[in-house]
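Trainee: Enclosed is the structure file run-v9.cif (mmCIF, C-alpha atoms and all ligand atoms).
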```cif
data_data
#
loop_
_atom_site.label_atom_id
_atom_site.label_comp_id
_atom_site.auth_asym_id
_atom_site.auth_seq_id
_atom_site.Cartn_x
_atom_site.Cartn_y
_atom_site.Cartn_z
CA MET A 1 135.49 137.26 23.43
CA THR A 2 134.89 140.88 22.47
CA GLU A 3 135.85 142.78 19.35
CA GLN A 4 138.25 144.83 21.48
CA ALA A 5 140.17 141.69 22.50
CA MET A 6 140.75 140.62 18.90
CA GLN A 7 143.98 141.44 17.12
CA VAL A 8 144.18 141.83 13.37
CA ARG A 9 147.30 141.55 11.25
CA LEU A 10 148.60 140.49 7.86
CA ASP A 11 149.15 136.77 7.43
CA ALA A 12 152.33 134.93 8.24
CA PRO A 13 153.39 131.54 6.79
CA ALA A 14 152.69 129.93 10.18
CA ASP A 15 148.99 130.79 9.78
CA ALA A 16 148.44 128.40 6.88
CA ALA A 17 147.18 125.46 8.94
CA ALA A 18 144.75 127.59 10.98
CA ILE A 19 143.43 129.26 7.83
CA ALA A 20 142.90 125.86 6.19
CA GLU A 21 140.95 124.66 9.22
CA ILE A 22 138.64 127.70 9.12
CA TYR A 23 138.19 127.46 5.35
CA ASN A 24 137.33 123.77 5.68
CA GLN A 25 134.56 124.61 8.14
CA GLY A 26 133.10 126.95 5.49
CA ILE A 27 133.38 124.18 2.88
CA GLU A 28 131.69 121.66 5.18
CA ASP A 29 128.88 124.09 6.04
CA ARG A 30 127.99 124.34 2.32
CA VAL A 31 126.96 127.98 2.72
CA ALA A 32 129.81 129.85 1.12
CA THR A 33 131.51 128.10 -1.80
CA PHE A 34 131.21 125.56 -4.58
CA GLU A 35 134.43 124.02 -3.29
CA THR A 36 134.05 120.56 -1.74
CA ARG A 37 137.72 119.52 -1.54
CA LEU A 38 139.11 120.16 1.91
CA ARG A 39 142.39 122.12 2.01
CA ASN A 40 145.57 121.59 3.98
CA ALA A 41 148.33 123.96 5.11
CA GLU A 42 150.32 123.37 1.93
CA ASP A 43 147.36 124.41 -0.25
CA VAL A 44 146.90 127.60 1.74
CA ALA A 45 150.63 128.43 1.80
CA ALA A 46 150.37 128.92 -1.97
CA TRP A 47 148.01 131.87 -1.35
CA PHE A 48 150.85 133.86 0.23
CA ASP A 49 152.44 135.13 -2.97
CA GLY A 50 153.39 138.63 -1.82
CA VAL A 51 150.88 140.16 -4.28
CA HIS A 52 147.49 139.22 -2.84
CA PRO A 53 146.92 140.43 0.73
CA VAL A 54 145.62 137.98 3.35
CA VAL A 55 144.52 139.23 6.77
CA VAL A 56 143.88 137.21 9.93
CA ALA A 57 142.22 137.99 13.24
CA GLU A 58 143.45 136.40 16.43
CA ASP A 59 141.84 135.96 19.78
CA GLU A 60 144.08 134.92 22.64
CA GLY A 61 146.78 133.88 20.21
CA ARG A 62 144.48 131.71 18.10
CA VAL A 63 143.54 132.57 14.51
CA ILE A 64 139.74 132.82 14.35
CA ALA A 65 139.11 134.50 11.00
CA PHE A 66 140.71 135.45 7.72
CA ALA A 67 140.00 137.55 4.67
CA ALA A 68 141.97 136.80 1.52
CA THR A 69 142.42 138.05 -2.00
CA SER A 70 143.25 135.97 -5.02
CA SER A 71 143.70 136.64 -8.72
CA TYR A 72 140.57 137.77 -10.59
CA ARG A 73 141.93 137.21 -14.13
CA PRO A 74 145.48 136.87 -15.50
CA ARG A 75 145.06 139.75 -18.01
CA ALA A 76 147.22 142.78 -17.25
CA CYS A 77 144.26 145.18 -17.51
CA TYR A 78 142.66 143.47 -14.50
CA LYS A 79 145.72 143.47 -12.26
CA GLY A 80 144.10 145.88 -9.82
CA ILE A 81 141.05 143.66 -9.26
CA GLY A 82 141.12 141.13 -6.44
CA GLU A 83 138.78 138.23 -5.73
CA VAL A 84 137.92 138.40 -2.07
CA SER A 85 136.79 135.81 0.46
CA VAL A 86 136.15 135.99 4.19
CA TYR A 87 135.74 133.13 6.64
CA VAL A 88 135.26 133.04 10.39
CA ALA A 89 135.67 129.94 12.56
CA ARG A 90 132.25 128.49 13.39
CA LYS A 91 132.51 129.18 17.09
CA ALA A 92 133.65 132.76 16.57
CA ARG A 93 130.94 133.97 14.19
CA ARG A 94 128.72 136.99 14.88
CA ARG A 95 131.25 138.67 17.16
CA GLY A 96 132.71 141.17 14.73
CA ALA A 97 135.65 139.14 13.43
CA GLY A 98 134.33 139.03 9.86
CA ARG A 99 133.92 142.79 9.77
CA LEU A 100 137.37 143.32 11.29
CA VAL A 101 139.29 141.17 8.81
CA LEU A 102 137.37 142.36 5.76
CA GLN A 103 137.72 146.03 6.68
CA THR A 104 141.44 145.52 7.27
CA LEU A 105 141.78 143.66 3.98
CA ILE A 106 140.16 146.54 2.10
CA THR A 107 142.71 148.92 3.61
CA ALA A 108 145.58 146.55 2.77
CA CYS A 109 144.30 146.32 -0.81
CA GLU A 110 144.12 150.08 -1.09
CA GLU A 111 147.73 150.32 0.06
CA ALA A 112 148.69 147.61 -2.45
CA GLY A 113 147.14 149.60 -5.31
CA TYR A 114 143.99 147.57 -5.99
CA TRP A 115 141.09 149.56 -7.42
CA LYS A 116 138.34 146.95 -7.03
CA LEU A 117 137.38 143.86 -5.08
CA VAL A 118 134.88 141.37 -6.44
CA SER A 119 133.25 138.23 -5.16
CA ARG A 120 130.34 135.89 -5.71
CA VAL A 121 127.92 134.98 -2.94
CA PHE A 122 125.16 132.39 -2.69
CA LEU A 123 121.84 134.19 -2.56
CA ASP A 124 120.85 132.59 0.75
CA ASN A 125 124.14 133.51 2.48
CA THR A 126 122.47 136.19 4.58
CA ALA A 127 125.45 136.70 6.87
CA SER A 128 127.86 137.35 4.02
CA ARG A 129 125.43 139.60 2.12
CA HIS A 130 124.85 141.67 5.23
CA LEU A 131 128.54 141.98 6.04
CA ILE A 132 129.76 142.92 2.59
CA ARG A 133 126.91 145.37 1.96
CA SER A 134 127.75 147.14 5.19
CA LEU A 135 131.36 147.53 4.00
CA GLY A 136 130.44 149.20 0.74
CA PHE A 137 130.06 146.28 -1.67
CA ARG A 138 127.39 146.65 -4.37
CA GLU A 139 125.22 143.76 -5.57
CA VAL A 140 125.79 143.81 -9.34
CA GLY A 141 123.53 141.00 -10.47
CA VAL A 142 122.89 137.29 -10.43
CA TYR A 143 124.64 134.56 -12.40
CA GLU A 144 122.00 131.85 -12.91
CA LYS A 145 122.95 128.19 -12.52
CA HIS A 146 126.62 129.14 -12.15
CA GLY A 147 127.65 125.74 -10.85
CA GLN A 148 126.45 122.69 -8.98
CA LEU A 149 126.91 122.06 -5.30
CA ASP A 150 126.10 118.52 -4.21
CA GLY A 151 124.33 117.99 -7.53
CA VAL A 152 122.10 121.08 -7.26
CA TRP A 153 122.40 124.04 -9.63
CA ARG A 154 123.05 127.24 -7.68
CA ASP A 155 122.69 130.91 -8.61
CA VAL A 156 125.27 133.35 -7.29
CA LEU A 157 125.22 137.05 -6.67
CA ILE A 158 128.10 139.06 -8.14
CA VAL A 159 129.36 141.81 -5.83
CA GLU A 160 131.94 144.52 -6.27
CA ARG A 161 133.56 147.22 -4.16
CA LEU A 162 135.45 150.06 -5.75
CA ILE A 163 138.49 151.40 -3.87
CA GLN A 164 138.04 155.08 -4.62
CA GLY A 165 141.51 156.11 -3.43
CA ASN A 166 143.04 154.19 -6.34
CA ILE A 167 140.55 155.41 -8.96
CA GLU A 168 140.28 159.13 -8.47
CA PRO A 169 143.38 161.26 -9.17
C1 LIG B 1 129.88 135.61 6.63
C2 LIG B 1 130.80 135.64 7.83
C3 LIG B 1 132.24 135.84 7.33
C4 LIG B 1 130.42 136.84 8.72
O1 LIG B 1 131.39 136.97 9.74
P1 LIG B 1 130.98 137.27 11.26
O2 LIG B 1 132.20 137.48 12.05
O3 LIG B 1 130.05 136.21 11.70
O4 LIG B 1 130.18 138.65 11.08
P2 LIG B 1 130.25 139.92 12.02
O5 LIG B 1 130.05 139.52 13.44
O6 LIG B 1 131.47 140.71 11.70
O7 LIG B 1 128.96 140.70 11.56
C5 LIG B 1 128.96 141.56 10.44
C6 LIG B 1 127.53 141.98 10.15
O8 LIG B 1 126.83 140.87 9.59
C7 LIG B 1 125.70 140.57 10.39
N1 LIG B 1 125.55 139.11 10.46
C8 LIG B 1 126.50 138.22 10.78
N2 LIG B 1 125.99 136.98 10.73
C9 LIG B 1 124.69 137.12 10.37
C10 LIG B 1 123.64 136.20 10.15
N3 LIG B 1 123.83 134.87 10.30
N4 LIG B 1 122.43 136.68 9.78
C11 LIG B 1 122.24 138.01 9.62
N5 LIG B 1 123.21 138.95 9.81
C12 LIG B 1 124.41 138.49 10.18
C13 LIG B 1 126.00 141.12 11.77
O9 LIG B 1 124.83 141.41 12.49
C14 LIG B 1 126.77 142.38 11.41
O10 LIG B 1 125.88 143.39 11.01
P3 LIG B 1 125.78 144.78 11.80
O11 LIG B 1 127.18 145.31 11.85
O12 LIG B 1 124.86 145.56 10.95
O13 LIG B 1 125.27 144.42 13.14
C15 LIG B 1 130.69 134.34 8.70
O14 LIG B 1 129.34 134.11 9.00
C16 LIG B 1 131.24 133.09 8.02
O15 LIG B 1 132.43 132.79 8.14
N6 LIG B 1 130.38 132.35 7.29
C17 LIG B 1 130.82 131.15 6.58
C18 LIG B 1 131.74 131.50 5.41
C19 LIG B 1 131.10 132.50 4.46
O16 LIG B 1 129.91 132.47 4.20
N7 LIG B 1 131.94 133.39 3.91
C20 LIG B 1 131.50 134.38 2.96
C21 LIG B 1 131.58 133.88 1.56
S1 LIG B 1 133.12 134.31 0.78
#
```
Can you present the structure in this file as structure tokens?
Ligand SMILES: CC(C)(COP(=O)(O)OP(=O)(O)OC[C@H]1O[C@@H](n2cnc3c(N)ncnc32)[C@H](O)[C@@H]1OP(=O)(O)O)[C@@H](O)C(=O)NCCC(=O)NCCS

Mentor:
Amino acid sequence: MTEQAMQVRLDAPADAAAIAEIYNQGIEDRVATFETRLRNAEDVAAWFDGVHPVVVAEDEGRVIAFAATSSYRPRACYKGIGEVSVYVARKARRRGAGRLVLQTLITACEEAGYWKLVSRVFLDNTASRHLIRSLGFREVGVYEKHGQLDGVWRDVLIVERLIQGNIEP
């Protein structure tokens, strides 16, 4: 598989099961999230609310990666801030899919009027830190002991990316 062969597009309801499968690999790997409950298609279908963009990459008709936004806070003043996550199927990592979906998501968010994307990353998630830094995210600081994963307190790095087109007049 090459980056050229991959196709990227906005999500469709039929993608929910494939997205759940990829997300569950990330949960099982214990590298990316405090979540431990595996998701199904129904859980993921709730992400498609018409407000928060979700992008998928396909290779030979199979979804291999996604980048998704979700609500940062319910307050109206934060409506232009999206929480972002990006997951690539285990077998498809390190081939450019993560970069492709995240870059496309940033563009989709700009078009949707978002002015900032934020996320939190485990400090030892080298792959994620490298990817998001290369796409213009800034490491803001560290939340200490932000939660427990498998009974161990974990620190997380807060990251943000401004979307200049929606900030400057
Ligand atoms: C993080 C993740 C999304 C990266 O996606 P990917 O498709 O493997 O990454 P890409 O091939 O697009 O590579 C993007 C950059 O990251 C670098 N990178 C990717 N994996 C890396 C690793 N394990 N170690 C160091 N750098 C890595 C690549 O070299 C590339 O950098 P470059 O453009 O300077 O060469 C993927 O590893 C993944 O799904 N991990 C599990 C879930 C996760 O951690 N999600 C992020 C938390 S929300």

Trainee: Could you pull the residues within 7 Å of A:Val54, counting all atoms listed in the file, minus those fewer than 4 positions along the same chain, as a count of residues only?

Mentor: 6

Trainee: Residues within 10 Å of ligand LIG 1 (chain B) should be enumerated using all atoms listed in the file and returned as a PDB file with C-alpha atoms, keeping the file's coordinate frame.

Mentor:
```pdb
ATOM      1  CA  GLU A   3     135.850 142.780  19.350  1.00  0.00           C
ATOM      2  CA  ILE A  22     138.640 127.700   9.120  1.00  0.00           C
ATOM      3  CA  TYR A  23     138.190 127.460   5.350  1.00  0.00           C
ATOM      4  CA  ASN A  24     137.330 123.770   5.680  1.00  0.00           C
ATOM      5  CA  GLN A  25     134.560 124.610   8.140  1.00  0.00           C
ATOM      6  CA  GLY A  26     133.100 126.950   5.490  1.00  0.00           C
ATOM      7  CA  ILE A  27     133.380 124.180   2.880  1.00  0.00           C
ATOM      8  CA  GLU A  28     131.690 121.660   5.180  1.00  0.00           C
ATOM      9  CA  ASP A  29     128.880 124.090   6.040  1.00  0.00           C
ATOM     10  CA  ARG A  30     127.990 124.340   2.320  1.00  0.00           C
ATOM     11  CA  VAL A  31     126.960 127.980   2.720  1.00  0.00           C
ATOM     12  CA  ALA A  32     129.810 129.850   1.120  1.00  0.00           C
ATOM     13  CA  THR A  33     131.510 128.100  -1.800  1.00  0.00           C
ATOM     14  CA  ILE A  64     139.740 132.820  14.350  1.00  0.00           C
ATOM     15  CA  ALA A  65     139.110 134.500  11.000  1.00  0.00           C
ATOM     16  CA  PHE A  66     140.710 135.450   7.720  1.00  0.00           C
ATOM     17  CA  ALA A  67     140.000 137.550   4.670  1.00  0.00           C
ATOM     18  CA  ALA A  68     141.970 136.800   1.520  1.00  0.00           C
ATOM     19  CA  GLU A  83     138.780 138.230  -5.730  1.00  0.00           C
ATOM     20  CA  VAL A  84     137.920 138.400  -2.070  1.00  0.00           C
ATOM     21  CA  SER A  85     136.790 135.810   0.460  1.00  0.00           C
ATOM     22  CA  VAL A  86     136.150 135.990   4.190  1.00  0.00           C
ATOM     23  CA  TYR A  87     135.740 133.130   6.640  1.00  0.00           C
ATOM     24  CA  VAL A  88     135.260 133.040  10.390  1.00  0.00           C
ATOM     25  CA  ALA A  89     135.670 129.940  12.560  1.00  0.00           C
ATOM     26  CA  ARG A  90     132.250 128.490  13.390  1.00  0.00           C
ATOM     27  CA  LYS A  91     132.510 129.180  17.090  1.00  0.00           C
ATOM     28  CA  ALA A  92     133.650 132.760  16.570  1.00  0.00           C
ATOM     29  CA  ARG A  93     130.940 133.970  14.190  1.00  0.00           C
ATOM     30  CA  ARG A  94     128.720 136.990  14.880  1.00  0.00           C
ATOM     31  CA  ARG A  95     131.250 138.670  17.160  1.00  0.00           C
ATOM     32  CA  GLY A  96     132.710 141.170  14.730  1.00  0.00           C
ATOM     33  CA  ALA A  97     135.650 139.140  13.430  1.00  0.00           C
ATOM     34  CA  GLY A  98     134.330 139.030   9.860  1.00  0.00           C
ATOM     35  CA  ARG A  99     133.920 142.790   9.770  1.00  0.00           C
ATOM     36  CA  LEU A 100     137.370 143.320  11.290  1.00  0.00           C
ATOM     37  CA  VAL A 101     139.290 141.170   8.810  1.00  0.00           C
ATOM     38  CA  LEU A 102     137.370 142.360   5.760  1.00  0.00           C
ATOM     39  CA  GLN A 103     137.720 146.030   6.680  1.00  0.00           C
ATOM     40  CA  SER A 119     133.250 138.230  -5.160  1.00  0.00           C
ATOM     41  CA  ARG A 120     130.340 135.890  -5.710  1.00  0.00           C
ATOM     42  CA  VAL A 121     127.920 134.980  -2.940  1.00  0.00           C
ATOM     43  CA  PHE A 122     125.160 132.390  -2.690  1.00  0.00           C
ATOM     44  CA  ASP A 124     120.850 132.590   0.750  1.00  0.00           C
ATOM     45  CA  ASN A 125     124.140 133.510   2.480  1.00  0.00           C
ATOM     46  CA  THR A 126     122.470 136.190   4.580  1.00  0.00           C
ATOM     47  CA  ALA A 127     125.450 136.700   6.870  1.00  0.00           C
ATOM     48  CA  SER A 128     127.860 137.350   4.020  1.00  0.00           C
ATOM     49  CA  ARG A 129     125.430 139.600   2.120  1.00  0.00           C
ATOM     50  CA  HIS A 130     124.850 141.670   5.230  1.00  0.00           C
ATOM     51  CA  LEU A 131     128.540 141.980   6.040  1.00  0.00           C
ATOM     52  CA  ILE A 132     129.760 142.920   2.590  1.00  0.00           C
ATOM     53  CA  ARG A 133     126.910 145.370   1.960  1.00  0.00           C
ATOM     54  CA  SER A 134     127.750 147.140   5.190  1.00  0.00           C
ATOM     55  CA  LEU A 135     131.360 147.530   4.000  1.00  0.00           C
TER      56      LEU A 135
END
```

Trainee: Between A:Val142, A:Ala76, A:Cys109, A:Ala16, which one has atoms that come closest to A:Asp155, using only C-alpha atoms?

Mentor: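 Selected residue with least distance to A:Asp155: A:Val142.
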
Trainee: For stretch 158-169 of chain A, which lacks atoms in the input, supply all heavy atoms and format the output as a CSV table (one decimal), keeping the file's coordinate frame.

Mentor:
```
chain,number,residue,atom,x,y,z
A,158,ILE,N,126.8,138.4,-7.9
A,158,ILE,CA,128.1,139.1,-8.1
A,158,ILE,C,128.1,140.3,-7.3
A,158,ILE,O,127.2,141.1,-7.3
A,158,ILE,CB,128.3,139.5,-9.6
A,158,ILE,CG1,127.9,138.3,-10.5
A,158,ILE,CG2,129.7,140.0,-9.9
A,158,ILE,CD1,127.5,138.8,-11.9
A,159,VAL,N,129.2,140.6,-6.6
A,159,VAL,CA,129.4,141.8,-5.8
A,159,VAL,C,130.7,142.5,-6.2
A,159,VAL,O,131.7,141.8,-6.5
A,159,VAL,CB,129.2,141.6,-4.3
A,159,VAL,CG1,127.9,141.0,-3.9
A,159,VAL,CG2,130.3,140.6,-3.8
A,160,GLU,N,130.7,143.8,-6.0
A,160,GLU,CA,131.9,144.5,-6.3
A,160,GLU,C,132.1,145.7,-5.3
A,160,GLU,O,131.1,146.2,-4.8
A,160,GLU,CB,132.0,145.1,-7.7
A,160,GLU,CG,131.0,146.2,-8.0
A,160,GLU,CD,131.3,146.9,-9.3
A,160,GLU,OE1,132.1,146.5,-10.1
A,160,GLU,OE2,130.6,147.9,-9.6
A,161,ARG,N,133.3,146.0,-5.0
A,161,ARG,CA,133.6,147.2,-4.2
A,161,ARG,C,134.7,148.0,-4.8
A,161,ARG,O,135.8,147.5,-4.9
A,161,ARG,CB,133.9,146.9,-2.7
A,161,ARG,CG,134.0,148.1,-1.8
A,161,ARG,CD,134.7,147.8,-0.5
A,161,ARG,NE,134.5,148.9,0.4
A,161,ARG,CZ,135.2,150.0,0.4
A,161,ARG,NH1,136.1,150.3,-0.5
A,161,ARG,NH2,135.1,150.9,1.4
A,162,LEU,N,134.4,149.2,-5.2
A,162,LEU,CA,135.4,150.1,-5.8
A,162,LEU,C,136.3,150.6,-4.6
A,162,LEU,O,135.8,150.8,-3.5
A,162,LEU,CB,134.8,151.2,-6.5
A,162,LEU,CG,134.1,150.9,-7.8
A,162,LEU,CD1,133.4,152.1,-8.4
A,162,LEU,CD2,135.0,150.2,-8.8
A,163,ILE,N,137.6,150.8,-4.9
A,163,ILE,CA,138.5,151.4,-3.9
A,163,ILE,C,138.8,152.8,-4.4
A,163,ILE,O,139.7,152.9,-5.2
A,163,ILE,CB,139.7,150.5,-3.6
A,163,ILE,CG1,139.3,149.1,-3.1
A,163,ILE,CG2,140.7,151.2,-2.7
A,163,ILE,CD1,140.4,148.1,-2.9
A,164,GLN,N,138.0,153.7,-4.0
A,164,GLN,CA,138.0,155.1,-4.6
A,164,GLN,C,139.4,155.7,-4.6
A,164,GLN,O,139.8,156.4,-5.6
A,164,GLN,CB,137.1,156.0,-3.9
A,164,GLN,CG,135.6,155.7,-4.2
A,164,GLN,CD,135.2,155.8,-5.6
A,164,GLN,OE1,135.9,156.4,-6.5
A,164,GLN,NE2,134.1,155.2,-6.0
A,165,GLY,N,140.2,155.5,-3.5
A,165,GLY,CA,141.5,156.1,-3.4
A,165,GLY,C,142.4,155.7,-4.6
A,165,GLY,O,143.4,156.5,-4.9
A,166,ASN,N,142.2,154.6,-5.2
A,166,ASN,CA,143.0,154.2,-6.3
A,166,ASN,C,142.4,154.4,-7.7
A,166,ASN,O,142.9,153.9,-8.7
A,166,ASN,CB,143.4,152.7,-6.2
A,166,ASN,CG,144.4,152.6,-5.0
A,166,ASN,OD1,145.2,153.4,-4.7
A,166,ASN,ND2,144.3,151.4,-4.3
A,167,ILE,N,141.2,155.1,-7.7
A,167,ILE,CA,140.6,155.4,-9.0
A,167,ILE,C,140.6,156.9,-9.3
A,167,ILE,O,140.9,157.3,-10.4
A,167,ILE,CB,139.1,154.9,-8.9
A,167,ILE,CG1,139.0,153.4,-8.8
A,167,ILE,CG2,138.3,155.5,-10.1
A,167,ILE,CD1,137.7,152.9,-8.5
A,168,GLU,N,140.3,157.7,-8.2
A,168,GLU,CA,140.3,159.1,-8.5
A,168,GLU,C,141.7,159.7,-8.3
A,168,GLU,O,142.4,159.3,-7.5
A,168,GLU,CB,139.3,159.8,-7.5
A,168,GLU,CG,137.9,159.5,-7.9
A,168,GLU,CD,136.9,159.7,-6.8
A,168,GLU,OE1,137.3,160.2,-5.7
A,168,GLU,OE2,135.8,159.3,-7.0
A,169,PRO,N,142.0,160.7,-9.2
A,169,PRO,CA,143.4,161.3,-9.2
A,169,PRO,C,143.6,162.0,-7.9
A,169,PRO,O,142.7,162.5,-7.3
A,169,PRO,CB,143.4,162.2,-10.4
A,169,PRO,CG,142.0,162.4,-10.8
A,169,PRO,CD,141.2,161.2,-10.3
```
